[in-house]
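What follows is a single structure, written as C-alpha cells, with notes after it.
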Amino acid sequence: MPIARQRIVLPKSSWRLALTGLASGDLWEGDAVERLENAFIAAIGVPAAVAVPSARAGLSFILESLNLEPGAEIICSAFGYPVVPHLVATKGYTLRFADCELETLGMDPEALARAFEQGNPRAVIVTHLYGIPARIREIAEVVKAHDAYLIEDCAHCFSAAVGGQKAGSFGDFGYFSFETSKMINTMGGGMLTVRDLEMAGKIRERARQEPQRDLGWLAKRLGKTTFEATVTQPLVFGASVYPALRLASRSTDEDDRFASGYQADEISMKGRMGRYTNYQAQLGLQQIEAIESLIERRVANAERLIGQLRDRVHFQQPVGADTRADYMLVTALFPRMPEMARQLLQRGVDTKHQYMRDCAALLEGVGEFPNAARAEREALHLPAYPQLTTAQIDSIAERVKDALDALGTDSGAS
Ligand SMILES: Cc1ncc(COP(=O)(O)O)c(C=O)c1O
C-alpha cells in the first residue's frame with residue numbers, strides 16, 4: 001500500500017462543534033480562547049500567551065510591538081520559511097542572515113555571532129525546524145550578549161525542549177502555528193508566548209482589533225481541511241492520489257511540482273488574518289489533552305526509522321542528550337534528492353521537499369550561505385507520522401535502502 005507524505009486529520013468533533021456553536025452562538029467569542037492561552041502558559045512555561053490569527057500574523061504583531069527604529073537590522077536563519085524574512089523586509093527592517101548548521105538544520109550560533117560582529121542587529125528570529133530544537137541555549141547567549149530581542153519560531157513544535165525547558169520559553173517571544181499540518185491543528189490560527197506582560201497586553205489588544213470571522217470563512221476552512229484529510233487518508237491516497245503522482249512524475253524530467261509548502265507566489269497574509277475564534281480554541285483544547293501520546297508515537301516512529309537508516313543516511317537530529325524533539329517531520333539530506341524522491345515514489349513512498357528554502361538565495365545582495373543552499377537542494381522529508389504502524393516504518397526503511405542501492409549511493413551519513 002502506498003504511503004502518503006503526510007497525514008492531515010480533521011480535528012475531532014469539528015463538524016459537531018461547528019453546528020452546536022452555530023446553535024448556541026459561541027462560535028466566535030467565548031472563554032475557550034483564554035483557556036487555550038492558559039494551557040499554553042502552563043505547557044510551555046511562560047508568563048503570557050496570546051492567541052493570534054496565524055503564526056505569521058503573530059510575528060507581524062511582535063515586530064510591531066518592538067517599536068524598533070526604521071531600517072533596524074533583524075537576523076533570520078538563511079534556511080527557513082520565506083514568509084518570515086519577507087515579513088521582516090515588508091515592515092521596513094534590514095534583513096541579515098546567519099547560516100544553518102547541518103545537524104539540527106537550525107541557525108548556527110557561531111554564524112550568528114559573526115553576523116552580530118558585522119552590524120548592529122536588534123532582533124534575531126530562530127526557527128526550531130520540523131520540531132527539532134535549534135542550539136537555542138548557545139543562540140540565546142549570543143543574543144543576550146548583544147542586548148537584542150530573541151524571537152523563537154515554534155511553528156513546528158509543541159513540546160520540544162532543551163534541558164527540560166520548552167522551545168518558546170527561551171526568547172522574549174515565541175510563535176506557534178495551528179495550520180492543518182502542524183502539531184496542533186485548529187484549521188488555522190496560532191499562539192504567541194510572551195515574556196513581558198505589558199507587551200503581551202499590547203499584542204492582545206492588537207489581535208482583538210482583527211475583524212471577526214464569519215460563516216463563509218468557517219465553511220471554507222471546514223471544506224479545505226475535510227478535503228486534505230480525505231486525500232491523505234490511506235485508501236483514498238492509494239486509490240487516486242498516488243497513481244496520479246506516479247503518472248505526473250513520469251511525464252516530467254526535473255520539476256518541483258511535488259515540492260510542498262511554500263511557492264514563490266504564496267508570500268501573503270491572505271486568509272491568515274482575522275480574530276482567532278472560540279470555536280478553534282475548543283478544537284485546540286481537545287488536542288492538547290491528547291497530545292502527549294500522539295507525540296510519543298511520533299517520536300517512536302521517527303527514532304525507529306532513523307535508527308534503521310543512520311549508517312547510510314544523514315538525518316537532521318537533535319543535539320545533546322537533554323534535548324526533546326517533536327519530529328513534526330523526519331528530514332534526511334540526500335545529495336541526489338530529486339532522484340531519491342522519484343525512486344521512493346516508484347516504491348510507494350511519497351515524500352515532501354522544498355518546504356523550507358535557502359531564503360538568502362531568493363533575495364539579492366544578502367550574501368551566500370552554503371549550508372542553507374545544501375539543505376534546500378538535499379532535504380527530503382520521509383513519512384514517519386504517528387498514524388503509521390511499526391511495520392510500515394520498517395517497510396519505509398527497507399524501501400529507502402532499496403532506493404539507495406538502485407542509485408548506487410549512500411546519502412553521506414555522518
Ligand atoms: C517555520 C514556519 N514559520 C512560520 C510559518 C507560518 O505559519 P502560519 O501559516 O500559521 O502563518 C510556517 C508555516 O508553515 C512555518 O513552517
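A note on labels: chains of the C-alpha cells are A, B, ... as shown, every chain counts residues from 1, and ligands are counted from 1 in their shown order.
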- Contact residues around A:Ile203 with only C-alpha atoms at 10 Å, ignoring same-chain residues under 3 positions, as a PyMOL selection string: chain A and resi 49-52+58+61-62+64-65+192+194+197-200+206-209
For the contact check between chain A and ligand 1, emit one row per residue of chain A within 6 Å, containing the shortest atom pair and the distance in Å rounded to one decimal, counting only C-alpha atoms and all ligand atoms, chain then rising number order, as CSV.
```
residue,atom,partner,partner_atom_place_in_ligand_line,distance
A:Ser54,CA,ligand 1,10 (O),4.0
A:Ala55,CA,ligand 1,10 (O),3.8
A:Arg56,CA,ligand 1,11 (O),3.7
A:Tyr81,CA,ligand 1,1 (C),4.9
A:Asp153,CA,ligand 1,3 (N),5.8
A:Ala155,CA,ligand 1,2 (C),4.9
A:Ser177,CA,ligand 1,10 (O),4.1
A:Phe178,CA,ligand 1,10 (O),5.8
A:Glu179,CA,ligand 1,10 (O),5.3
A:Gly189,CA,ligand 1,10 (O),5.9
A:Gly190,CA,ligand 1,10 (O),5.8
```
Selection above as a file: C-alpha atoms, as a CSV table (one decimal), in the first residue's frame:
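Output below, filename selection03.csv:
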```
chain,number,residue,atom,x,y,z
A,54,SER,CA,-1.8,32.7,12.3
A,55,ALA,CA,1.8,32.3,13.2
A,56,ARG,CA,2.8,34.9,10.5
A,81,TYR,CA,10.3,29.6,5.7
A,153,ASP,CA,9.7,30.4,15.6
A,155,ALA,CA,5.6,26.8,14.1
A,177,SER,CA,1.2,27.7,14.2
A,178,PHE,CA,-2.1,25.8,14.2
A,179,GLU,CA,-2.3,25.2,10.5
A,189,GLY,CA,-4.6,30.2,13.9
A,190,GLY,CA,-1.6,30.4,16.2
```
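We find atom CA of A:Gln316 and atom CA of A:Gly80 to be spaced 14.1 Å apart.
Compared by their closest atoms to A:Met328, and using only C-alpha atoms, the residues A:Gly201, A:Gly131, A:Gly408, A:Pro121 rank with A:Gly131 nearest.
Closest approach to A:Thr389 from the set A:Arg297, A:Gly320, A:Leu245, A:Met273 is made by A:Arg297, with distances taken over only C-alpha atoms.
Taking atom CA of A:Arg310 and atom CA of A:Asp350 as the two end points, the separation is 20.0 Å.
Each of A:Thr94, A:Thr186, A:Ala375, A:Ser395 was compared to A:Cys359 using only C-alpha atoms, and A:Ala375 turns out to be the nearest.
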- Counting only C-alpha atoms, what is within 10 Å of A:Ala300, bar same-chain residues fewer than 4 positions away, as a PyMOL selection string? chain A and resi 294-296+304-306+327+384-386+390
- Counting only C-alpha atoms, which of A:Ala372, A:Ala281, A:Leu344, A:Cys100 gets nearest to A:Lys401? A:Leu344
- Task: Using DSSP on the backbone coordinates, identify the residues of stretch 240-413 of chain A assigned to helix (DSSP H, G or I); present them as an MDAnalysis selection string.
- Result: chainID A and resid 240:250 264:266 278:309 337:346 359:362 370:378 390:407
